[in-house]
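Only one structure is covered here, and it is reproduced in the block below.
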Amino acid sequence: VNQDGKRIHLAQYRGKALLVTFVYTRCPQPDQCTLMSNNFAAIDQALQKQPEIYDKTHLLTISFDPDYDTPKVLRSYGASHTGRYSDETFQHWEFATGSKDEVKGIAQFFGLRYYHDTESSDEQVIHSMRTAIIGPDGKVFKLYRGNEWKPEEILGEVRALTSATGAPVSSPK
């Protein structure tokens with residue numbers, strides 16, 4: 001379910017390049033989940049400047065902490081990262097979660113591993129990192145492990161997937 005509590009399916013994004021990353025909203029490490037969200041914000045802003053590519057893309061951030069990251073929490077988190085607070089905020093970039101089994105299934109598909117640190121007093125989730133680009137055909141085009149990737153790299157890949165003319169995607173400032 002997305003930040004509005006609406007059921008979503010990966011198949012509904014067919015025909016667009018879908019960028020997917022995983023986070024949990026209480027992540028205390030600035031170079032992990034927060035970095036992924038900030039990178040997606042930069043990508044979203046860069047794509048807004050190129051409507052012909054923007055319309056051919058969609059961003060999806062999936063939480064692997066469904067007990068805490070409810071649609072209401074994701075809506076607030078998403079609004080803070082998109083910098084937009086209107087109903088249009090989530091037209092291009094959605095934030096989603098699901099049942100524990102649904103989240104586990106999609107995380108495993110992308111090779112993401114996570115577990116709740118029961119010894120931690122702050123309910124920390126220990127996790128790996130994955131970001132994926134799914135092509136308009138619904139197949140995984142590229143999978144990034146870790147947090148080393150830069151928004152410019154993904155923008156270049158998106159250009160390759162969506163731009164018939166080869167027009168460059170502008171990099172975020």
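In the structure tokens, the first chain shown is A, the next is B, and so on; residue numbers restart at 1 for each chain, and ligands run from 1 in the order shown.
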Residues of region 113-168 of chain A within 10 Å of region 30-51 of chain A: nearest atom pair and distance (Å, one decimal) for each, counting only C-alpha atoms, sorted by chain and number, as JSON lines?
```
{"residue": "A:His127", "atom": "CA", "partner": "A:Gln32", "partner_atom": "CA", "distance": 9.3}
{"residue": "A:Ser128", "atom": "CA", "partner": "A:Gln32", "partner_atom": "CA", "distance": 9.0}
{"residue": "A:Met129", "atom": "CA", "partner": "A:Gln32", "partner_atom": "CA", "distance": 7.6}
{"residue": "A:Arg130", "atom": "CA", "partner": "A:Met36", "partner_atom": "CA", "distance": 9.4}
{"residue": "A:Thr131", "atom": "CA", "partner": "A:Met36", "partner_atom": "CA", "distance": 8.3}
{"residue": "A:Gly146", "atom": "CA", "partner": "A:Gln32", "partner_atom": "CA", "distance": 8.4}
{"residue": "A:Asn147", "atom": "CA", "partner": "A:Gln32", "partner_atom": "CA", "distance": 6.6}
{"residue": "A:Glu148", "atom": "CA", "partner": "A:Asp31", "partner_atom": "CA", "distance": 9.6}
{"residue": "A:Trp149", "atom": "CA", "partner": "A:Asn39", "partner_atom": "CA", "distance": 9.0}
{"residue": "A:Lys150", "atom": "CA", "partner": "A:Asn39", "partner_atom": "CA", "distance": 7.2}
{"residue": "A:Pro151", "atom": "CA", "partner": "A:Asn39", "partner_atom": "CA", "distance": 5.7}
{"residue": "A:Glu152", "atom": "CA", "partner": "A:Ile43", "partner_atom": "CA", "distance": 7.9}
{"residue": "A:Glu153", "atom": "CA", "partner": "A:Ile43", "partner_atom": "CA", "distance": 9.9}
{"residue": "A:Ile154", "atom": "CA", "partner": "A:Ile43", "partner_atom": "CA", "distance": 7.9}
{"residue": "A:Leu155", "atom": "CA", "partner": "A:Ile43", "partner_atom": "CA", "distance": 6.8}
{"residue": "A:Val158", "atom": "CA", "partner": "A:Leu47", "partner_atom": "CA", "distance": 9.6}
{"residue": "A:Ala167", "atom": "CA", "partner": "A:Gln50", "partner_atom": "CA", "distance": 9.4}
{"residue": "A:Pro168", "atom": "CA", "partner": "A:Gln50", "partner_atom": "CA", "distance": 9.1}
```
Kindly export the residues of the current selection with N, CA, C and O atoms, as a PDB file, in the first residue's frame.
```
ATOM      1  N   HIS A 127      20.437  -3.425   8.004  1.00  0.00           N
ATOM      2  CA  HIS A 127      20.020  -3.724   6.631  1.00  0.00           C
ATOM      3  C   HIS A 127      21.131  -3.482   5.621  1.00  0.00           C
ATOM      4  O   HIS A 127      22.036  -2.694   5.840  1.00  0.00           O
ATOM      5  N   SER A 128      20.989  -4.180   4.499  1.00  0.00           N
ATOM      6  CA  SER A 128      21.818  -3.886   3.332  1.00  0.00           C
ATOM      7  C   SER A 128      21.059  -2.825   2.535  1.00  0.00           C
ATOM      8  O   SER A 128      20.023  -2.331   2.984  1.00  0.00           O
ATOM      9  N   MET A 129      21.573  -2.481   1.381  1.00  0.00           N
ATOM     10  CA  MET A 129      20.934  -1.434   0.584  1.00  0.00           C
ATOM     11  C   MET A 129      20.812  -1.884  -0.863  1.00  0.00           C
ATOM     12  O   MET A 129      21.744  -2.482  -1.405  1.00  0.00           O
ATOM     13  N   ARG A 130      19.672  -1.564  -1.465  1.00  0.00           N
ATOM     14  CA  ARG A 130      19.436  -1.869  -2.876  1.00  0.00           C
ATOM     15  C   ARG A 130      18.640  -0.733  -3.505  1.00  0.00           C
ATOM     16  O   ARG A 130      17.693  -0.209  -2.920  1.00  0.00           O
ATOM     17  N   THR A 131      19.016  -0.406  -4.710  1.00  0.00           N
ATOM     18  CA  THR A 131      18.257   0.519  -5.545  1.00  0.00           C
ATOM     19  C   THR A 131      18.218  -0.112  -6.927  1.00  0.00           C
ATOM     20  O   THR A 131      19.228  -0.625  -7.409  1.00  0.00           O
ATOM     21  N   GLY A 146      24.398  -1.177  -2.171  1.00  0.00           N
ATOM     22  CA  GLY A 146      25.074  -0.186  -1.344  1.00  0.00           C
ATOM     23  C   GLY A 146      24.615   1.228  -1.619  1.00  0.00           C
ATOM     24  O   GLY A 146      23.583   1.466  -2.245  1.00  0.00           O
ATOM     25  N   ASN A 147      25.435   2.173  -1.172  1.00  0.00           N
ATOM     26  CA  ASN A 147      25.066   3.588  -1.237  1.00  0.00           C
ATOM     27  C   ASN A 147      26.064   4.418  -2.031  1.00  0.00           C
ATOM     28  O   ASN A 147      26.088   5.631  -1.913  1.00  0.00           O
ATOM     29  N   GLU A 148      26.857   3.780  -2.842  1.00  0.00           N
ATOM     30  CA  GLU A 148      27.908   4.485  -3.572  1.00  0.00           C
ATOM     31  C   GLU A 148      27.415   5.197  -4.836  1.00  0.00           C
ATOM     32  O   GLU A 148      28.107   6.039  -5.377  1.00  0.00           O
ATOM     33  N   TRP A 149      26.250   4.848  -5.306  1.00  0.00           N
ATOM     34  CA  TRP A 149      25.766   5.439  -6.556  1.00  0.00           C
ATOM     35  C   TRP A 149      25.393   6.909  -6.355  1.00  0.00           C
ATOM     36  O   TRP A 149      25.087   7.344  -5.267  1.00  0.00           O
ATOM     37  N   LYS A 150      25.463   7.635  -7.455  1.00  0.00           N
ATOM     38  CA  LYS A 150      25.145   9.065  -7.449  1.00  0.00           C
ATOM     39  C   LYS A 150      23.904   9.303  -8.316  1.00  0.00           C
ATOM     40  O   LYS A 150      23.659   8.572  -9.286  1.00  0.00           O
ATOM     41  N   PRO A 151      23.130  10.346  -8.022  1.00  0.00           N
ATOM     42  CA  PRO A 151      21.945  10.643  -8.833  1.00  0.00           C
ATOM     43  C   PRO A 151      22.266  10.763 -10.326  1.00  0.00           C
ATOM     44  O   PRO A 151      21.475  10.307 -11.163  1.00  0.00           O
ATOM     45  N   GLU A 152      23.419  11.329 -10.661  1.00  0.00           N
ATOM     46  CA  GLU A 152      23.793  11.494 -12.071  1.00  0.00           C
ATOM     47  C   GLU A 152      23.878  10.151 -12.791  1.00  0.00           C
ATOM     48  O   GLU A 152      23.541  10.055 -13.976  1.00  0.00           O
ATOM     49  N   GLU A 153      24.348   9.105 -12.097  1.00  0.00           N
ATOM     50  CA  GLU A 153      24.435   7.775 -12.703  1.00  0.00           C
ATOM     51  C   GLU A 153      23.047   7.267 -13.079  1.00  0.00           C
ATOM     52  O   GLU A 153      22.835   6.773 -14.190  1.00  0.00           O
ATOM     53  N   ILE A 154      22.129   7.380 -12.149  1.00  0.00           N
ATOM     54  CA  ILE A 154      20.776   6.895 -12.406  1.00  0.00           C
ATOM     55  C   ILE A 154      20.107   7.733 -13.488  1.00  0.00           C
ATOM     56  O   ILE A 154      19.419   7.203 -14.359  1.00  0.00           O
ATOM     57  N   LEU A 155      20.322   9.042 -13.459  1.00  0.00           N
ATOM     58  CA  LEU A 155      19.758   9.892 -14.511  1.00  0.00           C
ATOM     59  C   LEU A 155      20.272   9.477 -15.884  1.00  0.00           C
ATOM     60  O   LEU A 155      19.521   9.473 -16.864  1.00  0.00           O
ATOM     61  N   VAL A 158      18.414   6.343 -16.843  1.00  0.00           N
ATOM     62  CA  VAL A 158      17.041   6.688 -17.195  1.00  0.00           C
ATOM     63  C   VAL A 158      16.991   7.286 -18.595  1.00  0.00           C
ATOM     64  O   VAL A 158      16.100   6.978 -19.386  1.00  0.00           O
ATOM     65  N   ALA A 167      18.257  13.125 -25.813  1.00  0.00           N
ATOM     66  CA  ALA A 167      18.385  14.405 -25.124  1.00  0.00           C
ATOM     67  C   ALA A 167      18.882  14.171 -23.706  1.00  0.00           C
ATOM     68  O   ALA A 167      18.408  13.284 -23.018  1.00  0.00           O
ATOM     69  N   PRO A 168      19.860  14.945 -23.270  1.00  0.00           N
ATOM     70  CA  PRO A 168      20.422  14.693 -21.947  1.00  0.00           C
ATOM     71  C   PRO A 168      19.461  15.035 -20.820  1.00  0.00           C
ATOM     72  O   PRO A 168      18.644  15.932 -20.934  1.00  0.00           O
TER      73      PRO A 168
END
```
As a ChimeraX atom specification, please: every residue in region 38-158 of chain A that a backbone DSSP assignment puts in alpha helix (DSSP H). /A:38-48,51-54,71-82,100-109,151-158
Same residues, N, CA and C atoms, output as a compact mmCIF listing (two decimals), in the first residue's frame:
```txt
# COMPACT_ATOMS: atom_id res chain seq x y z
N ASN A 38 17.40 11.37 -0.11
CA ASN A 38 17.93 12.63 -0.65
C ASN A 38 18.35 12.46 -2.11
N ASN A 39 18.94 11.31 -2.44
CA ASN A 39 19.30 11.05 -3.83
C ASN A 39 18.06 10.98 -4.72
N PHE A 40 17.01 10.31 -4.23
CA PHE A 40 15.78 10.25 -5.01
C PHE A 40 15.17 11.64 -5.16
N ALA A 41 15.27 12.47 -4.13
CA ALA A 41 14.76 13.85 -4.22
C ALA A 41 15.51 14.61 -5.31
N ALA A 42 16.82 14.43 -5.38
CA ALA A 42 17.62 15.09 -6.42
C ALA A 42 17.22 14.59 -7.81
N ILE A 43 17.00 13.28 -7.93
CA ILE A 43 16.57 12.70 -9.20
C ILE A 43 15.20 13.25 -9.59
N ASP A 44 14.28 13.28 -8.64
CA ASP A 44 12.94 13.79 -8.91
C ASP A 44 12.98 15.24 -9.37
N GLN A 45 13.79 16.06 -8.70
CA GLN A 45 13.91 17.47 -9.08
C GLN A 45 14.51 17.62 -10.47
N ALA A 46 15.53 16.83 -10.78
CA ALA A 46 16.15 16.91 -12.11
C ALA A 46 15.16 16.48 -13.19
N LEU A 47 14.39 15.44 -12.92
CA LEU A 47 13.43 14.96 -13.91
C LEU A 47 12.29 15.95 -14.13
N GLN A 48 11.92 16.69 -13.10
CA GLN A 48 10.86 17.69 -13.25
C GLN A 48 11.22 18.74 -14.30
N PRO A 51 10.18 17.47 -18.79
CA PRO A 51 8.86 16.83 -18.81
C PRO A 51 8.76 15.61 -19.73
N GLU A 52 9.49 15.63 -20.84
CA GLU A 52 9.42 14.50 -21.77
C GLU A 52 9.99 13.23 -21.16
N ILE A 53 10.89 13.35 -20.21
CA ILE A 53 11.45 12.19 -19.52
C ILE A 53 10.69 11.94 -18.22
N TYR A 54 10.33 13.00 -17.54
CA TYR A 54 9.58 12.91 -16.28
C TYR A 54 8.33 12.06 -16.46
N PRO A 71 1.10 3.97 6.27
CA PRO A 71 0.88 4.96 5.22
C PRO A 71 0.94 6.40 5.74
N LYS A 72 0.40 6.66 6.90
CA LYS A 72 0.43 8.01 7.46
C LYS A 72 1.87 8.48 7.71
N VAL A 73 2.69 7.62 8.28
CA VAL A 73 4.09 7.95 8.53
C VAL A 73 4.82 8.17 7.21
N LEU A 74 4.56 7.30 6.23
CA LEU A 74 5.21 7.42 4.92
C LEU A 74 4.79 8.70 4.20
N ARG A 75 3.53 9.08 4.37
CA ARG A 75 3.06 10.32 3.73
C ARG A 75 3.82 11.52 4.29
N SER A 76 3.98 11.57 5.58
CA SER A 76 4.72 12.67 6.22
C SER A 76 6.19 12.64 5.82
N TYR A 77 6.80 11.47 5.85
CA TYR A 77 8.20 11.30 5.47
C TYR A 77 8.39 11.71 4.01
N GLY A 78 7.50 11.25 3.15
CA GLY A 78 7.58 11.56 1.73
C GLY A 78 7.44 13.05 1.46
N ALA A 79 6.50 13.69 2.12
CA ALA A 79 6.31 15.13 1.93
C ALA A 79 7.55 15.90 2.36
N SER A 80 8.20 15.44 3.41
CA SER A 80 9.40 16.15 3.86
C SER A 80 10.55 15.98 2.87
N HIS A 81 10.60 14.88 2.15
CA HIS A 81 11.68 14.65 1.18
C HIS A 81 11.38 15.23 -0.19
N THR A 82 10.12 15.29 -0.55
CA THR A 82 9.79 15.86 -1.85
C THR A 82 9.74 17.38 -1.78
N LYS A 100 4.25 -7.81 6.44
CA LYS A 100 5.64 -8.27 6.63
C LYS A 100 6.05 -9.23 5.52
N ASP A 101 5.14 -10.12 5.13
CA ASP A 101 5.46 -11.10 4.08
C ASP A 101 5.63 -10.43 2.72
N GLU A 102 4.79 -9.45 2.40
CA GLU A 102 4.92 -8.74 1.12
C GLU A 102 6.25 -8.01 1.05
N VAL A 103 6.57 -7.30 2.11
CA VAL A 103 7.82 -6.53 2.14
C VAL A 103 9.02 -7.47 2.07
N LYS A 104 8.96 -8.56 2.83
CA LYS A 104 10.06 -9.53 2.80
C LYS A 104 10.24 -10.11 1.40
N GLY A 105 9.13 -10.41 0.74
CA GLY A 105 9.19 -11.00 -0.60
C GLY A 105 9.85 -10.07 -1.62
N ILE A 106 9.44 -8.80 -1.63
CA ILE A 106 10.02 -7.88 -2.61
C ILE A 106 11.47 -7.56 -2.24
N ALA A 107 11.77 -7.46 -0.95
CA ALA A 107 13.15 -7.21 -0.53
C ALA A 107 14.05 -8.37 -0.97
N GLN A 108 13.59 -9.59 -0.75
CA GLN A 108 14.39 -10.75 -1.15
C GLN A 108 14.57 -10.81 -2.66
N PHE A 109 13.55 -10.44 -3.41
CA PHE A 109 13.66 -10.43 -4.87
C PHE A 109 14.84 -9.56 -5.31
N PRO A 151 23.13 10.35 -8.02
CA PRO A 151 21.95 10.64 -8.83
C PRO A 151 22.27 10.76 -10.33
N GLU A 152 23.42 11.33 -10.66
CA GLU A 152 23.79 11.49 -12.07
C GLU A 152 23.88 10.15 -12.79
N GLU A 153 24.35 9.11 -12.10
CA GLU A 153 24.43 7.77 -12.70
C GLU A 153 23.05 7.27 -13.08
N ILE A 154 22.13 7.38 -12.15
CA ILE A 154 20.78 6.89 -12.41
C ILE A 154 20.11 7.73 -13.49
N LEU A 155 20.32 9.04 -13.46
CA LEU A 155 19.76 9.89 -14.51
C LEU A 155 20.27 9.48 -15.88
N GLY A 156 21.53 9.10 -15.97
CA GLY A 156 22.09 8.63 -17.24
C GLY A 156 21.42 7.34 -17.70
N GLU A 157 21.19 6.44 -16.77
CA GLU A 157 20.52 5.18 -17.11
C GLU A 157 19.08 5.43 -17.54
N VAL A 158 18.41 6.34 -16.84
CA VAL A 158 17.04 6.69 -17.19
C VAL A 158 16.99 7.29 -18.60
```
Near His9 (chain A), within 12 Å and counting only C-alpha atoms, which residues show up once chain neighbours fewer than 3 positions away are dropped, as a list in words? Val1, Asn2, Lys6, Gln12, Tyr13, Arg14, Leu18, Leu60, Glu94, Ala96, Thr97, Gly98, Glu102, Ile106 and Gly138 of chain A
Tell me which of A:Phe64, A:Gln29, A:Pro136, A:Asp4 sits closest to Leu161 (chain A), counting only C-alpha atoms.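 Between A:Phe64, A:Gln29, A:Pro136, A:Asp4, the residue approaching Leu161 (chain A) most closely is A:Pro136.
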